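*Asks:* One structure, as structure tokens, below. Some questions next.
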Amino acid sequence: MNIAKVIVDVPAGSINQTFDYEIPERFQEMLRPGMRVIVPFGSRKVMGYVVARTGESDFDHLKELIDILDLTPILTPELLDLGKWLAEETISLYITAFQAMLPQVLKANYKKELERLTTESLSEQLEVLFAGRDFISYEELGNAGVSFYQVQKAIQAGDIAVHYQVKSRVTKKHITFLKPAREVYLLEEALQDMSNKAKKQQEILAFFIERPEEIELNYILKKFGTTRAVINALQNKNLLTALKKEVYRNPHDDQAFEKTAALTLTKQQQKALKPVRQHIHEDRHDVFLLHGVTGSGKTEIYLQAIQDVIDKGEEAIVLVPEISLTPQMVRRFKGRFGSNVAVLHSALSHGEKYDEWRRVHRKEVQVVVGARSAVFAPFENLGIIIIDEEHENSYKQEDQPRYHARDVAIHRGENHQCPVILGSATPTLESYARAQKGVYQLTTLNKRTNDKAMPEVNIVDMRDELHAGNRSMFSRSLKDNMEERIKRGEQIVLLLNRRGYSTFVMCRECGHVKECPHCDIALTFHKYNNRLKCHYCSFEEPMPMYCPSCSSDLIRFFGTGTQRIEESLTQLIPEARVLRMDVDTTRRKGAHEKLLTQFANKEADILLGTQMIAKGLDFENVTLVGVLTADSMLNLPDFRSSEKTFQLLTQVSGRAGRHELPGEVIVQTYTPEHYSIEMASHYNFIQFYQHEMKVRKKFQYPPYVFLALITVSHQNHVTAVQTTQKIVKTLRTYVGEDTVILGPSPSPISRVKDRYRWQCMVKYKQEPQLRTLIYKIIRQFDEEMRKDDLQISADMQPYQLM
DNA sequence: AGCACGCCGACT
DNA sequence: GTCGGCGTGCTC
């Protein structure tokens, strides 16, 4: 078994296979599958993952692997398997799948270096470049304008050499500690002898005589209000020594969370929990769909199920949507399980994420709470996987590997023979349909734990407002209600459903719309710097004074951004204190949390925001929720638009009246008769489900069929179309009769970054060979993809059809 | 992907 | 002869 099978870090279709390497004697003992290694690959060195050890190879001349990067495997055998499955399932490269399962910092960094070998003089340019040094980084070459030919010659002559380096990006955090350098009695002597002027030194020394132990440097500095200079003096006198210790960056101070005990469950909750517990104890896999209205206590069920898993000595993964990974959520888990929880979300720095990941890897915690990628937590004895807000589309990764965390969770649940819970107030049609068929176990919680009724929803027909001469964004009813709440000292949440709307710029004279010169999309106006930006590429330009088409000065921005709503809101109700929450105001780290704290402290009357305010917020003083444009996404070219509208309205309605005060919801719309709006206002999920299922059946969309979307992009329009055409043709010859192939058709955004995008959609019920087929088709274009910058990507079960 | 190698054409 | 620009094929 002296051969390692390695997946190398080269993301190219032709390299998507294992490469065999001889394991040198010195690594024989320690090398295990799942470790990262450095291997020679052609003339360079690359990082790779060892996926297996074997005794034989089809190749006669194997190179030796150069080094091992890990002390213990970073991928368990199960995760190695999962990576293979993931790549094949999503038609991605193996290396891409493995990288997606690990924290960023474990990716390799490649560097090239030039070493001077000779003492004899080099060419003039090279002498200037080296400037007396023996090593220089390869990048300096380009900057200095030295010709590559010269370097090549010098290498051939043996005057300089190239070194390929593979570096880990891992940075570990160290904290400096201080401790006495000598016996306490010697310190006491030194204290006696010390100059009376050295007051600070005396104080600190006295402190260490009291407590001759390792103490954090920062603590000492703070306590004595001093600086490093004083410590240095003590170190120089050989009285104190400093030592660096590696520590985890702990973004959540565990002590800060108040311990909570298990709550008493309602009858419904008990009934829901019982079969889950049974599965945990019998080590049985099954998927439970927990359909529970907002406030029905789903989280408490999760917590108690996890407690069972912990007691059994097993581990739990909890997935929550990125957006609702709020301090409130973290507090609940940390409060119950304390330091036994690791939290993984995007607000953490790379280093912090790595540290949390390592706590899992080293088995220092039994629970992980995190966003999508936490589904890959390297646990080995999983007892349960929970996906909260199962319907959220943030569980679908939109770049390669395009996986859905739900599918990965279920696959891991099978691997570990443990239950998987999908929880939601508005399950996806796919999941609910599976529950109806008995593939998943359905549990319904239709009562809130506090027995409060759901807030009443009033629909306002904005067409009536228009007829009555009200052209503002706010209906009369919403305005009156807001004023009343403010008078009563209660708070309001306003949702601007912005998808489909944006602030584009149009000329009132000729109708010209400013579009991105590189993408087929209107530019978005940003007021704070008075510039136009493209959301698909980085193009940006100042807002023009005159129409570029007709030179009229009547060029204005249209649409409804939160900024504009905020303005008209303060005009409408001048006494209202408004907090705006959108991408602009939450860009800075921690800004999100700060805004929410301000609102919780009642520093504002109205919280105005986009989608991000619909999820998981819980403010007791909010008694009114307003939805400004309920139907703005109904007209998008997306078969899920009704479902998304229903979900959003239901979720946001749950933000009102969660506590003592009764809540009310006002939904403004131009299409009050639409079933998703109508049924959301009655919280009637079942009725919506039945109606929407009929629609899906009629138009043959999921869950009645599966989808696969293949997107082709190229700078040449004709190449893009023709390639898509060829793909469609090949697909047609191999798929079954019932399978429908749509296209070639232009992507909804037909040009991005000067590349034309065409697509084809496969609708199928049963097509076991489809993934292999698509993989083979794509591989046929490998040459063109590399040489001609053609791009082809597949998305199995696409969420965003754009 | 990134590198070596080899062919070709331009320039001195 | 010297220098630099591509196109091609390979990586255990």
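In the structure tokens, chains take the letters A, B, ... in the order shown, each chain's residues start at 1, and ligands count up from 1 in the order shown.
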When DSSP is applied to the backbone of this structure, which of stretch 210-261 of chain A are assigned alpha helix (DSSP H)? Write them out as a list in words.
*Replies:*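 Answer for stretch 210-261 of chain A, restricted to alpha helix (DSSP H): Glu210, Leu217, Asn218, Tyr219, Ile220, Leu221, Lys222, Lys223, Phe224, Arg228, Ala229, Val230, Ile231, Asn232, Ala233, Leu234, Gln235 and Asn236 of chain A.
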*Asks:* What's around stretch 475-484 of chain A at 12 Å? Count only C-alpha atoms (C1' of nucleotides), leave out sequence neighbours fewer than 4 positions away in its own chain, and write the answer as a ChimeraX atom specification.
*Replies:* /A:458-471,488-494,568-578,605-607,622-629,663-670
*Asks:* Those same residues - C-alpha atoms - I'd like them written as a PDB file, in the first residue's frame.
*Replies:*
```
ATOM      1  CA  ASN A 458     -55.646  43.325   5.324  1.00  0.00           C
ATOM      2  CA  ILE A 459     -55.142  43.579   1.614  1.00  0.00           C
ATOM      3  CA  VAL A 460     -55.167  47.014   0.047  1.00  0.00           C
ATOM      4  CA  ASP A 461     -55.862  47.272  -3.668  1.00  0.00           C
ATOM      5  CA  MET A 462     -53.473  49.916  -4.905  1.00  0.00           C
ATOM      6  CA  ARG A 463     -55.545  50.424  -8.057  1.00  0.00           C
ATOM      7  CA  ASP A 464     -58.287  51.843  -5.861  1.00  0.00           C
ATOM      8  CA  GLU A 465     -55.758  54.207  -4.319  1.00  0.00           C
ATOM      9  CA  LEU A 466     -54.771  55.370  -7.758  1.00  0.00           C
ATOM     10  CA  HIS A 467     -58.392  55.962  -8.697  1.00  0.00           C
ATOM     11  CA  ALA A 468     -58.851  57.974  -5.544  1.00  0.00           C
ATOM     12  CA  GLY A 469     -55.953  60.175  -6.623  1.00  0.00           C
ATOM     13  CA  ASN A 470     -53.326  58.757  -4.250  1.00  0.00           C
ATOM     14  CA  ARG A 471     -50.216  58.291  -6.296  1.00  0.00           C
ATOM     15  CA  ARG A 488     -49.236  54.753  20.739  1.00  0.00           C
ATOM     16  CA  GLY A 489     -45.465  54.262  20.939  1.00  0.00           C
ATOM     17  CA  GLU A 490     -45.608  51.002  19.058  1.00  0.00           C
ATOM     18  CA  GLN A 491     -43.338  49.986  16.218  1.00  0.00           C
ATOM     19  CA  ILE A 492     -43.724  49.188  12.544  1.00  0.00           C
ATOM     20  CA  VAL A 493     -41.895  46.968  10.091  1.00  0.00           C
ATOM     21  CA  LEU A 494     -42.138  47.955   6.409  1.00  0.00           C
ATOM     22  CA  SER A 568     -41.199  59.982   0.900  1.00  0.00           C
ATOM     23  CA  LEU A 569     -41.945  58.363   4.230  1.00  0.00           C
ATOM     24  CA  THR A 570     -40.347  61.193   6.159  1.00  0.00           C
ATOM     25  CA  GLN A 571     -42.315  63.636   4.030  1.00  0.00           C
ATOM     26  CA  LEU A 572     -45.543  61.789   4.667  1.00  0.00           C
ATOM     27  CA  ILE A 573     -45.071  61.344   8.410  1.00  0.00           C
ATOM     28  CA  PRO A 574     -42.442  63.876   9.472  1.00  0.00           C
ATOM     29  CA  GLU A 575     -42.417  62.776  13.108  1.00  0.00           C
ATOM     30  CA  ALA A 576     -41.555  59.163  12.232  1.00  0.00           C
ATOM     31  CA  ARG A 577     -38.071  57.968  13.074  1.00  0.00           C
ATOM     32  CA  VAL A 578     -37.072  55.580  10.298  1.00  0.00           C
ATOM     33  CA  ASP A 605     -40.539  53.817  14.996  1.00  0.00           C
ATOM     34  CA  ILE A 606     -40.231  52.217  11.610  1.00  0.00           C
ATOM     35  CA  LEU A 607     -37.859  49.562  10.327  1.00  0.00           C
ATOM     36  CA  VAL A 622     -43.973  45.585  16.635  1.00  0.00           C
ATOM     37  CA  THR A 623     -47.695  45.652  16.035  1.00  0.00           C
ATOM     38  CA  LEU A 624     -47.876  46.598  12.385  1.00  0.00           C
ATOM     39  CA  VAL A 625     -46.250  45.068   9.358  1.00  0.00           C
ATOM     40  CA  GLY A 626     -46.653  46.754   6.014  1.00  0.00           C
ATOM     41  CA  VAL A 627     -45.837  45.156   2.696  1.00  0.00           C
ATOM     42  CA  LEU A 628     -45.447  47.912   0.132  1.00  0.00           C
ATOM     43  CA  THR A 629     -45.452  45.911  -3.071  1.00  0.00           C
ATOM     44  CA  GLY A 663     -50.551  42.591  15.506  1.00  0.00           C
ATOM     45  CA  GLU A 664     -51.851  43.617  12.132  1.00  0.00           C
ATOM     46  CA  VAL A 665     -50.532  43.251   8.608  1.00  0.00           C
ATOM     47  CA  ILE A 666     -51.281  45.518   5.664  1.00  0.00           C
ATOM     48  CA  VAL A 667     -50.456  44.150   2.248  1.00  0.00           C
ATOM     49  CA  GLN A 668     -50.445  46.560  -0.683  1.00  0.00           C
ATOM     50  CA  THR A 669     -50.875  45.046  -4.113  1.00  0.00           C
ATOM     51  CA  TYR A 670     -52.102  45.663  -7.620  1.00  0.00           C
TER      52      TYR A 670
END
```
*Asks:* Would you mind listing, for every residue of chain B within 12 Å of chain A, the two atoms forming the shortest contact and the distance between them in Å to one decimal, using only C-alpha atoms (C1' of nucleotides), sorted by chain and ascending residue number, as a Markdown table?
*Replies:*
```
| residue | atom | partner | partner_atom | distance |
| --- | --- | --- | --- | --- |
| B:DA1 | C1' | A:Val10 | CA | 5.9 |
| B:DG2 | C1' | A:Arg44 | CA | 8.4 |
| B:DC3 | C1' | A:Ser43 | CA | 6.6 |
| B:DA4 | C1' | A:Ser43 | CA | 8.2 |
```
*Asks:* Contacts from chain C to chain A, 10 Å maximum, only C-alpha atoms (C1' of nucleotides): show me the residue list as a PyMOL selection string.
*Replies:* chain C and resi 3-4+7+10-12
*Asks:* Between A:Pro103, A:Ala108, A:Thr299, A:Phe639, which has the minimum distance to A:Lys698 (counting only C-alpha atoms)?
*Replies:* A:Phe639
*Asks:* For atom CA of A:Thr76 and atom CA of A:Ala377, quote the distance in Å rounded to one decimal.
*Replies:* 10.2 Å
*Asks:* Hey, what's within 12 Å of A:Asp789 if we count only C-alpha atoms (C1' of nucleotides) and toss same-chain stuff fewer than 2 positions away? As a list in words, please?
*Replies:*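 Result of the neighbour search: Val712, Ser713, His714, Gln715, Asn716, Thr719, Ala720, Arg755, Phe781, Asp782, Glu783, Glu784, Met785, Arg786, Lys787, Gln791 and Ile792 of chain A.
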*Asks:* Compile the contact shell of B:DC7 as a list in words: residues with an atom at most 12 Å away, counting only C-alpha atoms (C1' of nucleotides), same-chain residues fewer than 2 positions apart removed.
*Replies:*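 Contacts, in chain order: DC5 and DG9 of chain B; DG5, DC6, DG7 and DT8 of chain C.
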*Asks:* Save out the residues we just selected, N, CA and C atoms (P, O5', C5', C4', C3', O3' and C1' of nucleotides), as an mmCIF file, in the first residue's frame.
*Replies:*
```
data_model
loop_
_atom_site.group_PDB
_atom_site.id
_atom_site.type_symbol
_atom_site.label_atom_id
_atom_site.label_comp_id
_atom_site.auth_asym_id
_atom_site.auth_seq_id
_atom_site.Cartn_x
_atom_site.Cartn_y
_atom_site.Cartn_z
ATOM 1 P P DC B 5 11.481 21.842 -22.153
ATOM 2 O "O5'" DC B 5 11.062 21.177 -23.537
ATOM 3 C "C5'" DC B 5 9.761 20.632 -23.742
ATOM 4 C "C4'" DC B 5 9.319 20.928 -25.164
ATOM 5 C "C3'" DC B 5 10.426 21.483 -26.076
ATOM 6 O "O3'" DC B 5 10.355 20.828 -27.320
ATOM 7 C "C1'" DC B 5 8.547 22.865 -26.166
ATOM 8 P P DG B 9 6.745 32.280 -41.100
ATOM 9 O "O5'" DG B 9 6.052 33.708 -40.941
ATOM 10 C "C5'" DG B 9 5.478 34.130 -39.707
ATOM 11 C "C4'" DG B 9 6.283 35.260 -39.096
ATOM 12 C "C3'" DG B 9 7.070 36.143 -40.067
ATOM 13 O "O3'" DG B 9 6.822 37.503 -39.715
ATOM 14 C "C1'" DG B 9 8.452 35.450 -38.306
ATOM 15 P P DG C 5 6.049 38.713 -26.442
ATOM 16 O "O5'" DG C 5 5.021 38.538 -27.643
ATOM 17 C "C5'" DG C 5 5.504 38.567 -29.005
ATOM 18 C "C4'" DG C 5 4.570 37.767 -29.879
ATOM 19 C "C3'" DG C 5 3.316 37.221 -29.190
ATOM 20 O "O3'" DG C 5 2.243 37.255 -30.126
ATOM 21 C "C1'" DG C 5 4.643 35.412 -29.941
ATOM 22 P P DC C 6 0.812 36.844 -29.715
ATOM 23 O "O5'" DC C 6 0.959 35.367 -29.137
ATOM 24 C "C5'" DC C 6 -0.102 34.474 -29.236
ATOM 25 C "C4'" DC C 6 0.053 33.588 -30.467
ATOM 26 C "C3'" DC C 6 -0.774 32.336 -30.315
ATOM 27 O "O3'" DC C 6 -1.302 31.937 -31.566
ATOM 28 C "C1'" DC C 6 1.540 31.778 -30.368
ATOM 29 P P DG C 7 -2.699 31.171 -31.525
ATOM 30 O "O5'" DG C 7 -2.281 29.645 -31.746
ATOM 31 C "C5'" DG C 7 -1.675 29.233 -32.973
ATOM 32 C "C4'" DG C 7 -1.221 27.798 -32.838
ATOM 33 C "C3'" DG C 7 -2.268 26.867 -32.224
ATOM 34 O "O3'" DG C 7 -2.234 25.640 -32.940
ATOM 35 C "C1'" DG C 7 -0.309 26.826 -30.911
ATOM 36 P P DT C 8 -3.107 24.416 -32.509
ATOM 37 O "O5'" DT C 8 -2.089 23.580 -31.599
ATOM 38 C "C5'" DT C 8 -0.855 23.126 -32.157
ATOM 39 C "C4'" DT C 8 -0.277 22.051 -31.252
ATOM 40 C "C3'" DT C 8 -1.318 21.120 -30.617
ATOM 41 O "O3'" DT C 8 -0.829 19.795 -30.643
ATOM 42 C "C1'" DT C 8 -0.049 22.152 -28.926
#
```
*Asks:* Need the shell around A:Gln722: protein/DNA/RNA residues with any atom at most 12 Å away, counting only C-alpha atoms (C1' of nucleotides). Skip same-chain ones fewer than 2 positions apart. Format as a PDB file with C-alpha atoms, in the first residue's frame?
*Replies:*
```
ATOM      1  CA  VAL A 712     -23.426  28.298 -22.451  1.00  0.00           C
ATOM      2  CA  SER A 713     -21.581  31.571 -22.629  1.00  0.00           C
ATOM      3  CA  HIS A 714     -19.132  33.013 -25.103  1.00  0.00           C
ATOM      4  CA  ASN A 716     -19.233  35.552 -29.754  1.00  0.00           C
ATOM      5  CA  HIS A 717     -22.994  35.405 -30.051  1.00  0.00           C
ATOM      6  CA  VAL A 718     -22.974  32.816 -32.849  1.00  0.00           C
ATOM      7  CA  THR A 719     -20.632  30.462 -30.994  1.00  0.00           C
ATOM      8  CA  ALA A 720     -22.885  30.587 -27.950  1.00  0.00           C
ATOM      9  CA  THR A 724     -26.136  25.271 -27.285  1.00  0.00           C
ATOM     10  CA  GLN A 725     -27.674  23.911 -30.462  1.00  0.00           C
ATOM     11  CA  LYS A 726     -25.144  21.073 -30.587  1.00  0.00           C
ATOM     12  CA  ILE A 727     -25.767  20.257 -26.953  1.00  0.00           C
ATOM     13  CA  VAL A 728     -29.532  20.154 -27.483  1.00  0.00           C
ATOM     14  CA  LYS A 729     -29.063  17.895 -30.469  1.00  0.00           C
ATOM     15  CA  GLY A 743     -34.030  25.609 -26.119  1.00  0.00           C
ATOM     16  CA  PRO A 744     -31.679  26.877 -27.241  1.00  0.00           C
ATOM     17  CA  SER A 745     -33.024  30.072 -25.762  1.00  0.00           C
ATOM     18  CA  PRO A 746     -31.268  33.181 -24.563  1.00  0.00           C
ATOM     19  CA  TYR A 756     -23.574  36.106 -24.611  1.00  0.00           C
ATOM     20  CA  ARG A 757     -25.492  33.542 -22.609  1.00  0.00           C
ATOM     21  CA  TRP A 758     -27.686  30.851 -24.074  1.00  0.00           C
ATOM     22  CA  GLN A 759     -29.318  27.986 -22.311  1.00  0.00           C
ATOM     23  CA  CYS A 760     -31.315  24.843 -22.627  1.00  0.00           C
ATOM     24  CA  LEU A 790     -16.128  28.915 -24.027  1.00  0.00           C
TER      25      LEU A 790
END
```
*Asks:* Just how far from atom CA of A:Thr426 is atom CA of A:Asp308, in Å to one decimal?
*Replies:* 26.8 Å
*Asks:* Write out as a list in words the residues lying within 10 Å of A:Glu620, counting only C-alpha atoms (C1' of nucleotides) and excluding same-chain residues fewer than 3 positions away.
*Replies:* Glu490, Gln491, Ala600, Leu617, Thr623, Arg655, Ala656, Gly657, Arg658, His659, Glu660, Leu661, Pro662 and Gly663 of chain A
*Asks:* Tell me, which residues of stretch 26-89 of chain A carry DSSP strand (DSSP E or B), written as a list in words?
*Replies:* Arg36, Val37, Ile38, Val39, Pro40, Phe41, Arg44, Lys45, Val46, Met47, Gly48, Tyr49, Val50, Val51, Ala52, Arg53, Thr54, Glu64, Asp67 and Ile68 of chain A
*Asks:* Quick one: pull the distance between atom CA of A:Lys514 and atom CA of A:Pro637, Å, one decimal.
*Replies:* 22.0 Å
*Asks:* Near stretch 213-225 of chain A, within 10 Å and counting only C-alpha atoms (C1' of nucleotides), which residues show up once chain neighbours fewer than 6 positions away are dropped, as a count of residues only?
*Replies:* 17
